[in-house]
$ cat model06.pdb   # PDB, N, CA and C atoms and all ligand atoms
MODEL        1
ATOM      1  N   MET A   1     124.106  96.617 105.433
ATOM      2  CA  MET A   1     122.723  96.287 105.799
ATOM      3  C   MET A   1     121.830  96.358 104.564
ATOM      4  N   ALA A   2     121.022  95.367 104.403
ATOM      5  CA  ALA A   2     120.126  95.337 103.243
ATOM      6  C   ALA A   2     118.691  95.125 103.707
ATOM      7  N   ILE A   3     117.774  95.565 102.881
ATOM      8  CA  ILE A   3     116.358  95.365 103.171
ATOM      9  C   ILE A   3     115.899  94.127 102.405
ATOM     10  N   ILE A   4     115.324  93.198 103.135
ATOM     11  CA  ILE A   4     114.816  91.984 102.489
ATOM     12  C   ILE A   4     113.321  91.848 102.780
ATOM     13  N   ALA A   5     112.668  91.001 102.020
ATOM     14  CA  ALA A   5     111.257  90.712 102.282
ATOM     15  C   ALA A   5     111.192  89.562 103.280
ATOM     16  N   CYS A   6     110.384  89.725 104.326
ATOM     17  CA  CYS A   6     110.206  88.651 105.309
ATOM     18  C   CYS A   6     109.710  87.401 104.591
ATOM     19  N   PRO A   7     110.339  86.250 104.830
ATOM     20  CA  PRO A   7     109.927  85.037 104.109
ATOM     21  C   PRO A   7     108.525  84.563 104.492
ATOM     22  N   ALA A   8     108.062  84.977 105.668
ATOM     23  CA  ALA A   8     106.750  84.512 106.107
ATOM     24  C   ALA A   8     105.613  85.416 105.634
ATOM     25  N   CYS A   9     105.815  86.753 105.719
ATOM     26  CA  CYS A   9     104.690  87.647 105.416
ATOM     27  C   CYS A   9     104.999  88.638 104.297
ATOM     28  N   GLY A  10     106.263  88.762 103.891
ATOM     29  CA  GLY A  10     106.606  89.662 102.795
ATOM     30  C   GLY A  10     106.863  91.096 103.224
ATOM     31  N   HIS A  11     106.737  91.368 104.529
ATOM     32  CA  HIS A  11     107.002  92.712 105.047
ATOM     33  C   HIS A  11     108.489  93.032 104.866
ATOM     34  N   LYS A  12     108.785  94.299 104.523
ATOM     35  CA  LYS A  12     110.178  94.676 104.303
ATOM     36  C   LYS A  12     110.890  94.841 105.654
ATOM     37  N   VAL A  13     111.963  94.069 105.840
ATOM     38  CA  VAL A  13     112.734  94.138 107.087
ATOM     39  C   VAL A  13     114.218  94.162 106.764
ATOM     40  N   SER A  14     115.015  94.629 107.740
ATOM     41  CA  SER A  14     116.465  94.604 107.595
ATOM     42  C   SER A  14     116.948  93.162 107.704
ATOM     43  N   ASP A  15     117.966  92.813 106.924
ATOM     44  CA  ASP A  15     118.492  91.434 107.011
ATOM     45  C   ASP A  15     119.259  91.214 108.319
ATOM     46  N   LYS A  16     119.520  92.314 109.046
ATOM     47  CA  LYS A  16     120.197  92.203 110.339
ATOM     48  C   LYS A  16     119.197  92.067 111.495
ATOM     49  N   ALA A  17     117.925  92.304 111.216
ATOM     50  CA  ALA A  17     116.911  92.226 112.273
ATOM     51  C   ALA A  17     116.725  90.774 112.695
ATOM     52  N   PRO A  18     116.705  90.509 114.023
ATOM     53  CA  PRO A  18     116.538  89.115 114.468
ATOM     54  C   PRO A  18     115.136  88.574 114.187
ATOM     55  N   THR A  19     114.132  89.439 114.273
ATOM     56  CA  THR A  19     112.764  89.000 114.007
ATOM     57  C   THR A  19     112.070  89.999 113.084
ATOM     58  N   CYS A  20     111.033  89.530 112.413
ATOM     59  CA  CYS A  20     110.230  90.399 111.559
ATOM     60  C   CYS A  20     109.393  91.308 112.453
ATOM     61  N   SER A  21     109.365  92.597 112.143
ATOM     62  CA  SER A  21     108.617  93.543 112.977
ATOM     63  C   SER A  21     107.111  93.407 112.795
ATOM     64  N   LYS A  22     106.692  92.736 111.746
ATOM     65  CA  LYS A  22     105.253  92.618 111.493
ATOM     66  C   LYS A  22     104.683  91.300 112.027
ATOM     67  N   CYS A  23     105.281  90.175 111.626
ATOM     68  CA  CYS A  23     104.695  88.888 112.028
ATOM     69  C   CYS A  23     105.500  88.203 113.126
ATOM     70  N   GLY A  24     106.715  88.723 113.425
ATOM     71  CA  GLY A  24     107.481  88.202 114.544
ATOM     72  C   GLY A  24     108.266  86.930 114.277
ATOM     73  N   VAL A  25     108.317  86.497 113.024
ATOM     74  CA  VAL A  25     109.074  85.288 112.717
ATOM     75  C   VAL A  25     110.574  85.549 112.951
ATOM     76  N   ALA A  26     111.285  84.557 113.502
ATOM     77  CA  ALA A  26     112.701  84.713 113.823
ATOM     78  C   ALA A  26     113.541  84.531 112.563
ATOM     79  N   ILE A  27     113.787  85.633 111.873
ATOM     80  CA  ILE A  27     114.512  85.591 110.598
ATOM     81  C   ILE A  27     115.932  85.072 110.777
ATOM     82  N   ALA A  28     116.609  85.528 111.838
ATOM     83  CA  ALA A  28     117.999  85.143 112.069
ATOM     84  C   ALA A  28     118.166  83.642 112.275
ATOM     85  N   GLU A  29     117.132  82.986 112.774
ATOM     86  CA  GLU A  29     117.233  81.542 113.053
ATOM     87  C   GLU A  29     116.817  80.663 111.886
ATOM     88  N   LEU A  30     116.332  81.283 110.830
ATOM     89  CA  LEU A  30     115.880  80.483 109.689
ATOM     90  C   LEU A  30     117.066  80.086 108.816
ATOM     91  N   ASP A  31     117.118  78.825 108.412
ATOM     92  CA  ASP A  31     118.145  78.423 107.463
ATOM     93  C   ASP A  31     117.610  78.645 106.045
ATOM     94  N   PRO A  32     118.504  78.712 105.074
ATOM     95  CA  PRO A  32     118.071  79.042 103.702
ATOM     96  C   PRO A  32     117.006  78.089 103.148
ATOM     97  N   VAL A  33     117.093  76.823 103.510
ATOM     98  CA  VAL A  33     116.130  75.844 102.995
ATOM     99  C   VAL A  33     114.732  76.160 103.517
ATOM    100  N   LYS A  34     114.678  76.445 104.827
ATOM    101  CA  LYS A  34     113.390  76.758 105.443
ATOM    102  C   LYS A  34     112.833  78.071 104.902
ATOM    103  N   MET A  35     113.738  79.047 104.716
ATOM    104  CA  MET A  35     113.323  80.340 104.180
ATOM    105  C   MET A  35     112.740  80.184 102.786
ATOM    106  N   ALA A  36     113.391  79.379 101.963
ATOM    107  CA  ALA A  36     112.917  79.159 100.595
ATOM    108  C   ALA A  36     111.555  78.482 100.601
ATOM    109  N   ALA A  37     111.378  77.531 101.519
ATOM    110  CA  ALA A  37     110.102  76.823 101.616
ATOM    111  C   ALA A  37     108.987  77.767 102.044
ATOM    112  N   MET A  38     109.285  78.632 103.015
ATOM    113  CA  MET A  38     108.280  79.595 103.484
ATOM    114  C   MET A  38     107.916  80.567 102.386
ATOM    115  N   GLU A  39     108.924  80.987 101.626
ATOM    116  CA  GLU A  39     108.675  81.941 100.556
ATOM    117  C   GLU A  39     107.845  81.296  99.448
ATOM    118  N   ARG A  40     108.113  80.028  99.172
ATOM    119  CA  ARG A  40     107.317  79.292  98.179
ATOM    120  C   ARG A  40     105.850  79.228  98.606
ATOM    121  N   ASP A  41     105.650  78.898  99.884
ATOM    122  CA  ASP A  41     104.284  78.832 100.423
ATOM    123  C   ASP A  41     103.571  80.169 100.281
ATOM    124  N   ARG A  42     104.292  81.224 100.602
ATOM    125  CA  ARG A  42     103.712  82.562 100.568
ATOM    126  C   ARG A  42     103.300  82.918  99.133
ATOM    127  N   ARG A  43     104.180  82.592  98.174
ATOM    128  CA  ARG A  43     103.875  82.880  96.769
ATOM    129  C   ARG A  43     102.697  82.062  96.271
ATOM    130  N   LEU A  44     102.636  80.818  96.732
ATOM    131  CA  LEU A  44     101.536  79.938  96.339
ATOM    132  C   LEU A  44     100.212  80.505  96.841
ATOM    133  N   GLN A  45     100.215  80.913  98.122
ATOM    134  CA  GLN A  45      99.010  81.504  98.714
ATOM    135  C   GLN A  45      98.606  82.762  97.963
ATOM    136  N   ARG A  46      99.623  83.556  97.621
ATOM    137  CA  ARG A  46      99.378  84.813  96.936
ATOM    138  C   ARG A  46      98.771  84.560  95.560
ATOM    139  N   SER A  47      99.326  83.612  94.820
ATOM    140  CA  SER A  47      98.796  83.370  93.488
ATOM    141  C   SER A  47      97.409  82.728  93.563
ATOM    142  N   GLN A  48      97.164  81.933  94.628
ATOM    143  CA  GLN A  48      95.829  81.365  94.795
ATOM    144  C   GLN A  48      94.810  82.454  95.102
ATOM    145  N   SER A  49      95.193  83.416  95.935
ATOM    146  CA  SER A  49      94.254  84.499  96.259
ATOM    147  C   SER A  49      94.006  85.367  95.027
ATOM    148  N   LEU A  50      95.036  85.540  94.197
ATOM    149  CA  LEU A  50      94.863  86.301  92.961
ATOM    150  C   LEU A  50      93.940  85.565  91.988
ATOM    151  N   MET A  51      94.065  84.230  91.959
ATOM    152  CA  MET A  51      93.190  83.409  91.111
ATOM    153  C   MET A  51      91.739  83.572  91.544
ATOM    154  N   THR A  52      91.512  83.522  92.858
ATOM    155  CA  THR A  52      90.159  83.694  93.399
ATOM    156  C   THR A  52      89.609  85.066  93.005
ATOM    157  N   GLN A  53      90.452  86.083  93.154
ATOM    158  CA  GLN A  53      90.024  87.440  92.785
ATOM    159  C   GLN A  53      89.708  87.537  91.297
ATOM    160  N   SER A  54      90.480  86.843  90.464
ATOM    161  CA  SER A  54      90.219  86.844  89.025
ATOM    162  C   SER A  54      88.848  86.271  88.722
ATOM    163  N   ILE A  55      88.501  85.202  89.430
ATOM    164  CA  ILE A  55      87.201  84.561  89.203
ATOM    165  C   ILE A  55      86.072  85.511  89.626
ATOM    166  N   ILE A  56      86.238  86.175  90.777
ATOM    167  CA  ILE A  56      85.223  87.135  91.243
ATOM    168  C   ILE A  56      85.088  88.271  90.219
ATOM    169  N   ALA A  57      86.223  88.759  89.728
ATOM    170  CA  ALA A  57      86.210  89.844  88.743
ATOM    171  C   ALA A  57      85.482  89.409  87.472
ATOM    172  N   MET A  58      85.744  88.171  87.045
ATOM    173  CA  MET A  58      85.105  87.619  85.852
ATOM    174  C   MET A  58      83.589  87.519  86.043
ATOM    175  N   VAL A  59      83.169  87.051  87.217
ATOM    176  CA  VAL A  59      81.737  86.926  87.526
ATOM    177  C   VAL A  59      81.080  88.314  87.517
ATOM    178  N   LEU A  60      81.760  89.280  88.121
ATOM    179  CA  LEU A  60      81.261  90.664  88.154
ATOM    180  C   LEU A  60      81.079  91.199  86.731
ATOM    181  N   PHE A  61      82.076  90.944  85.905
ATOM    182  CA  PHE A  61      82.061  91.386  84.509
ATOM    183  C   PHE A  61      80.889  90.759  83.748
ATOM    184  N   LEU A  62      80.741  89.441  83.879
ATOM    185  CA  LEU A  62      79.674  88.731  83.161
ATOM    186  C   LEU A  62      78.288  89.115  83.686
ATOM    187  N   ALA A  63      78.164  89.256  85.006
ATOM    188  CA  ALA A  63      76.886  89.665  85.599
ATOM    189  C   ALA A  63      76.524  91.068  85.117
ATOM    190  N   GLY A  64      77.532  91.942  85.042
ATOM    191  CA  GLY A  64      77.320  93.299  84.530
ATOM    192  C   GLY A  64      76.775  93.262  83.118
ATOM    193  N   PHE A  65      77.374  92.409  82.285
ATOM    194  CA  PHE A  65      76.918  92.261  80.903
ATOM    195  C   PHE A  65      75.484  91.750  80.828
ATOM    196  N   TYR A  66      75.187  90.756  81.664
ATOM    197  CA  TYR A  66      73.856  90.173  81.684
ATOM    198  C   TYR A  66      72.806  91.255  81.978
ATOM    199  N   PHE A  67      73.059  92.049  83.031
ATOM    200  CA  PHE A  67      72.087  93.085  83.414
ATOM    201  C   PHE A  67      72.068  94.228  82.405
ATOM    202  N   TYR A  68      73.214  94.467  81.779
ATOM    203  CA  TYR A  68      73.303  95.496  80.742
ATOM    204  C   TYR A  68      72.334  95.190  79.594
ATOM    205  N   TRP A  69      72.244  93.897  79.229
ATOM    206  CA  TRP A  69      71.348  93.502  78.136
ATOM    207  C   TRP A  69      69.900  93.377  78.597
ATOM    208  N   GLN A  70      69.714  92.992  79.873
ATOM    209  CA  GLN A  70      68.372  92.747  80.389
ATOM    210  C   GLN A  70      67.609  94.026  80.724
ATOM    211  N   LEU A  71      68.325  95.016  81.248
ATOM    212  CA  LEU A  71      67.656  96.198  81.797
ATOM    213  C   LEU A  71      67.420  97.256  80.725
ATOM    214  N   PRO A  72      66.361  98.063  80.880
ATOM    215  CA  PRO A  72      66.173  99.213  79.990
ATOM    216  C   PRO A  72      67.315 100.210  80.159
ATOM    217  N   ALA A  73      67.607 100.971  79.093
ATOM    218  CA  ALA A  73      68.798 101.824  79.065
ATOM    219  C   ALA A  73      68.641 103.108  79.882
ATOM    220  N   HIS A  74      68.163 102.984  81.085
ATOM    221  CA  HIS A  74      68.132 104.128  82.007
ATOM    222  C   HIS A  74      68.004 103.597  83.432
ATOM    223  N   GLY A  75      68.152 104.480  84.379
ATOM    224  CA  GLY A  75      68.037 104.067  85.780
ATOM    225  C   GLY A  75      69.376 103.670  86.361
ATOM    226  N   TRP A  76      69.459 103.699  87.704
ATOM    227  CA  TRP A  76      70.735 103.443  88.376
ATOM    228  C   TRP A  76      71.210 102.019  88.184
ATOM    229  N   LYS A  77      70.303 101.057  88.038
ATOM    230  CA  LYS A  77      70.714  99.656  87.853
ATOM    231  C   LYS A  77      71.482  99.478  86.547
ATOM    232  N   TYR A  78      71.024 100.178  85.525
ATOM    233  CA  TYR A  78      71.694 100.130  84.220
ATOM    234  C   TYR A  78      73.112 100.677  84.334
ATOM    235  N   TYR A  79      73.252 101.814  85.028
ATOM    236  CA  TYR A  79      74.579 102.392  85.187
ATOM    237  C   TYR A  79      75.444 101.546  86.122
ATOM    238  N   ALA A  80      74.802 100.927  87.118
ATOM    239  CA  ALA A  80      75.536 100.011  87.999
ATOM    240  C   ALA A  80      76.073  98.827  87.201
ATOM    241  N   ALA A  81      75.278  98.354  86.233
ATOM    242  CA  ALA A  81      75.717  97.241  85.375
ATOM    243  C   ALA A  81      76.925  97.652  84.549
ATOM    244  N   ILE A  82      76.889  98.865  83.983
ATOM    245  CA  ILE A  82      78.028  99.358  83.189
ATOM    246  C   ILE A  82      79.259  99.489  84.082
ATOM    247  N   LEU A  83      79.034  99.996  85.291
ATOM    248  CA  LEU A  83      80.124 100.134  86.260
ATOM    249  C   LEU A  83      80.723  98.754  86.579
ATOM    250  N   ALA A  84      79.861  97.758  86.770
ATOM    251  CA  ALA A  84      80.320  96.396  87.077
ATOM    252  C   ALA A  84      81.160  95.837  85.931
ATOM    253  N   ILE A  85      80.746  96.123  84.687
ATOM    254  CA  ILE A  85      81.525  95.666  83.525
ATOM    255  C   ILE A  85      82.917  96.285  83.565
ATOM    256  N   GLY A  86      82.958  97.607  83.789
ATOM    257  CA  GLY A  86      84.234  98.330  83.816
ATOM    258  C   GLY A  86      85.143  97.858  84.931
ATOM    259  N   VAL A  87      84.587  97.808  86.144
ATOM    260  CA  VAL A  87      85.378  97.405  87.316
ATOM    261  C   VAL A  87      85.834  95.954  87.167
ATOM    262  N   GLY A  88      84.907  95.075  86.773
ATOM    263  CA  GLY A  88      85.234  93.656  86.592
ATOM    264  C   GLY A  88      86.347  93.465  85.583
ATOM    265  N   PHE A  89      86.286  94.192  84.465
ATOM    266  CA  PHE A  89      87.287  94.072  83.405
ATOM    267  C   PHE A  89      88.665  94.537  83.891
ATOM    268  N   ILE A  90      88.695  95.736  84.490
ATOM    269  CA  ILE A  90      89.979  96.297  84.951
ATOM    270  C   ILE A  90      90.575  95.408  86.050
ATOM    271  N   TRP A  91      89.723  94.996  86.997
ATOM    272  CA  TRP A  91      90.164  94.136  88.092
ATOM    273  C   TRP A  91      90.758  92.834  87.546
ATOM    274  N   TYR A  92      90.085  92.263  86.559
ATOM    275  CA  TYR A  92      90.553  91.012  85.961
ATOM    276  C   TYR A  92      91.922  91.206  85.300
ATOM    277  N   VAL A  93      92.048  92.259  84.505
ATOM    278  CA  VAL A  93      93.311  92.511  83.793
ATOM    279  C   VAL A  93      94.443  92.746  84.797
ATOM    280  N   VAL A  94      94.180  93.572  85.821
ATOM    281  CA  VAL A  94      95.189  93.861  86.849
ATOM    282  C   VAL A  94      95.626  92.564  87.533
ATOM    283  N   ASN A  95      94.644  91.700  87.838
ATOM    284  CA  ASN A  95      94.975  90.429  88.482
ATOM    285  C   ASN A  95      95.811  89.522  87.590
ATOM    286  N   ARG A  96      95.502  89.492  86.299
ATOM    287  CA  ARG A  96      96.299  88.672  85.371
ATOM    288  C   ARG A  96      97.745  89.140  85.388
ATOM    289  N   ILE A  97      97.942  90.467  85.376
ATOM    290  CA  ILE A  97      99.304  91.021  85.379
ATOM    291  C   ILE A  97     100.014  90.641  86.681
ATOM    292  N   ARG A  98      99.277  90.746  87.805
ATOM    293  CA  ARG A  98      99.885  90.407  89.102
ATOM    294  C   ARG A  98     100.252  88.924  89.162
ATOM    295  N   ILE A  99      99.401  88.068  88.600
ATOM    296  CA  ILE A  99      99.700  86.631  88.578
ATOM    297  C   ILE A  99     100.972  86.379  87.763
ATOM    298  N   LEU A 100     101.071  87.046  86.609
ATOM    299  CA  LEU A 100     102.269  86.893  85.769
ATOM    300  C   LEU A 100     103.518  87.340  86.514
ATOM    301  N   MET A 101     103.402  88.450  87.266
ATOM    302  CA  MET A 101     104.553  88.972  88.010
ATOM    303  C   MET A 101     104.970  88.010  89.116
ATOM    304  N   VAL A 102     104.004  87.445  89.824
ATOM    305  CA  VAL A 102     104.315  86.486  90.891
ATOM    306  C   VAL A 102     105.016  85.269  90.291
ATOM    307  N   LYS A 103     104.524  84.792  89.149
ATOM    308  CA  LYS A 103     105.111  83.618  88.507
ATOM    309  C   LYS A 103     106.538  83.915  88.041
ATOM    310  N   ARG A 104     106.738  85.098  87.450
ATOM    311  CA  ARG A 104     108.060  85.456  86.955
ATOM    312  C   ARG A 104     109.057  85.550  88.103
ATOM    313  N   LYS A 105     108.609  86.176  89.220
ATOM    314  CA  LYS A 105     109.466  86.322  90.396
ATOM    315  C   LYS A 105     109.897  84.961  90.926
ATOM    316  N   SER A 106     108.953  84.023  91.030
ATOM    317  CA  SER A 106     109.319  82.729  91.616
ATOM    318  C   SER A 106     110.252  81.956  90.692
ATOM    319  N   LYS A 107     110.178  82.189  89.366
ATOM    320  CA  LYS A 107     111.088  81.528  88.445
ATOM    321  C   LYS A 107     112.513  82.023  88.646
ATOM    322  N   HIS A 108     112.667  83.338  88.857
ATOM    323  CA  HIS A 108     114.006  83.889  89.056
ATOM    324  C   HIS A 108     114.556  83.555  90.432
ATOM    325  N   GLY A 109     113.684  83.596  91.420
ATOM    326  CA  GLY A 109     114.112  83.464  92.799
ATOM    327  C   GLY A 109     114.569  82.076  93.187
ATOM    328  N   LEU A 110     113.998  81.050  92.580
ATOM    329  CA  LEU A 110     114.306  79.688  93.058
ATOM    330  C   LEU A 110     115.052  78.865  92.003
TER     331      LEU A 110
HETATM  332 ZN    ZN A 201     107.026  88.776 108.640
ENDMDL
END
$ encode --input "model06.pdb" --output "structure tokens"
Amino acid sequence: MAIIACPACGHKVSDKAPTCSKCGVAIAELDPVKMAAMERDRRLQRSQSLMTQSIIAMVLFLAGFYFYWQLPAHGWKYYAAILAIGVGFIWYVVNRIRILMVKRKSKHGL
């Protein structure tokens, strides 16, 4: 018995399980071609959502910088701007790494 990722939702399930316990897709009835197609779709959706998050992170980072330069160097807005720069930067970097990992996985898998 092995643990596999559900081709539809990515939830970890036994390869002997007839259906996914999370999304209910009938794993046992899927042929390899269909499974590969579903997994491709899932990865595509995942990388698209990561791309969207990267853009939001970038906007947060740039907006933080804008307010950092505009505002006087005191007050909660100033510190919120610094926080936005930090969070935006880290979020962006983390997302880039996740995008690279998704891309690398799909290259090996298919
Ligand atoms: Zn599932």
$ resolve_selection --input "model06.pdb" --expression "the PyMOL selection byres (((not hetatm) and name CA) within 6 of (chain A and resi 201))" --output "PyMOL selection string"
chain A and resi 6+8-11+20+22-25
$ write_last_selection --input "model06.pdb" --atoms "N, CA and C atoms" --output "PDB file, in the coordinates of the input"
ATOM      1  N   CYS A   6     110.384  89.725 104.326  1.00  0.00           N
ATOM      2  CA  CYS A   6     110.206  88.651 105.309  1.00  0.00           C
ATOM      3  C   CYS A   6     109.710  87.401 104.591  1.00  0.00           C
ATOM      4  N   ALA A   8     108.062  84.977 105.668  1.00  0.00           N
ATOM      5  CA  ALA A   8     106.750  84.512 106.107  1.00  0.00           C
ATOM      6  C   ALA A   8     105.613  85.416 105.634  1.00  0.00           C
ATOM      7  N   CYS A   9     105.815  86.753 105.719  1.00  0.00           N
ATOM      8  CA  CYS A   9     104.690  87.647 105.416  1.00  0.00           C
ATOM      9  C   CYS A   9     104.999  88.638 104.297  1.00  0.00           C
ATOM     10  N   GLY A  10     106.263  88.762 103.891  1.00  0.00           N
ATOM     11  CA  GLY A  10     106.606  89.662 102.795  1.00  0.00           C
ATOM     12  C   GLY A  10     106.863  91.096 103.224  1.00  0.00           C
ATOM     13  N   HIS A  11     106.737  91.368 104.529  1.00  0.00           N
ATOM     14  CA  HIS A  11     107.002  92.712 105.047  1.00  0.00           C
ATOM     15  C   HIS A  11     108.489  93.032 104.866  1.00  0.00           C
ATOM     16  N   CYS A  20     111.033  89.530 112.413  1.00  0.00           N
ATOM     17  CA  CYS A  20     110.230  90.399 111.559  1.00  0.00           C
ATOM     18  C   CYS A  20     109.393  91.308 112.453  1.00  0.00           C
ATOM     19  N   LYS A  22     106.692  92.736 111.746  1.00  0.00           N
ATOM     20  CA  LYS A  22     105.253  92.618 111.493  1.00  0.00           C
ATOM     21  C   LYS A  22     104.683  91.300 112.027  1.00  0.00           C
ATOM     22  N   CYS A  23     105.281  90.175 111.626  1.00  0.00           N
ATOM     23  CA  CYS A  23     104.695  88.888 112.028  1.00  0.00           C
ATOM     24  C   CYS A  23     105.500  88.203 113.126  1.00  0.00           C
ATOM     25  N   GLY A  24     106.715  88.723 113.425  1.00  0.00           N
ATOM     26  CA  GLY A  24     107.481  88.202 114.544  1.00  0.00           C
ATOM     27  C   GLY A  24     108.266  86.930 114.277  1.00  0.00           C
ATOM     28  N   VAL A  25     108.317  86.497 113.024  1.00  0.00           N
ATOM     29  CA  VAL A  25     109.074  85.288 112.717  1.00  0.00           C
ATOM     30  C   VAL A  25     110.574  85.549 112.951  1.00  0.00           C
TER      31      VAL A  25
END
$ select_by_dssp --input "model06.pdb" --residues "chain A" --states "strand (DSSP E or B)" --output "ChimeraX atom specification"
/A:3-5,12-14
$ residues_around --input "model06.pdb" --residues "A:Trp91" --least-positions-apart "4" --cutoff "10 Å" --atoms "only C-alpha atoms" --output "list in words"
Gln53, Ser54, Ile56, Ala57, Met58, Leu60, Phe61, Ile85, Gly86, Val87, Asn95 and Arg96 of chain A
$ closest_residue --input "model06.pdb" --among "A:Ala5, A:Met51, A:Leu44, A:Leu62" --to "A:Ala84" --atoms "only C-alpha atoms"
A:Leu62
$ atom_distance --input "model06.pdb" --atom1 "atom CA of A:Val93" --atom2 "atom CA of A:Gly64"
16.0 Å
$ closest_residue --input "model06.pdb" --among "A:Thr19, A:Ser47, A:Ala2, A:Asp31" --to "A:Lys103" --atoms "only C-alpha atoms"
A:Ser47
$ atom_distance --input "model06.pdb" --atom1 "atom C of A:Ile82" --atom2 "atom N of A:Ile99"
23.6 Å
$ select_by_dssp --input "model06.pdb" --residues "stretch 15-98 of chain A" --states "helix (DSSP H, G or I)" --output "PyMOL selection string"
chain A and resi 27-29+32-70+76-98
$ atom_distance --input "model06.pdb" --atom1 "atom N of A:Ser14" --atom2 "atom CA of A:Leu100"
26.6 Å
$ residues_around --input "model06.pdb" --residues "A:Lys16" --least-positions-apart "2" --cutoff "8 Å" --atoms "only N, CA and C atoms" --output "ChimeraX atom specification"
/A:1-4,13-14,18-19,27-28
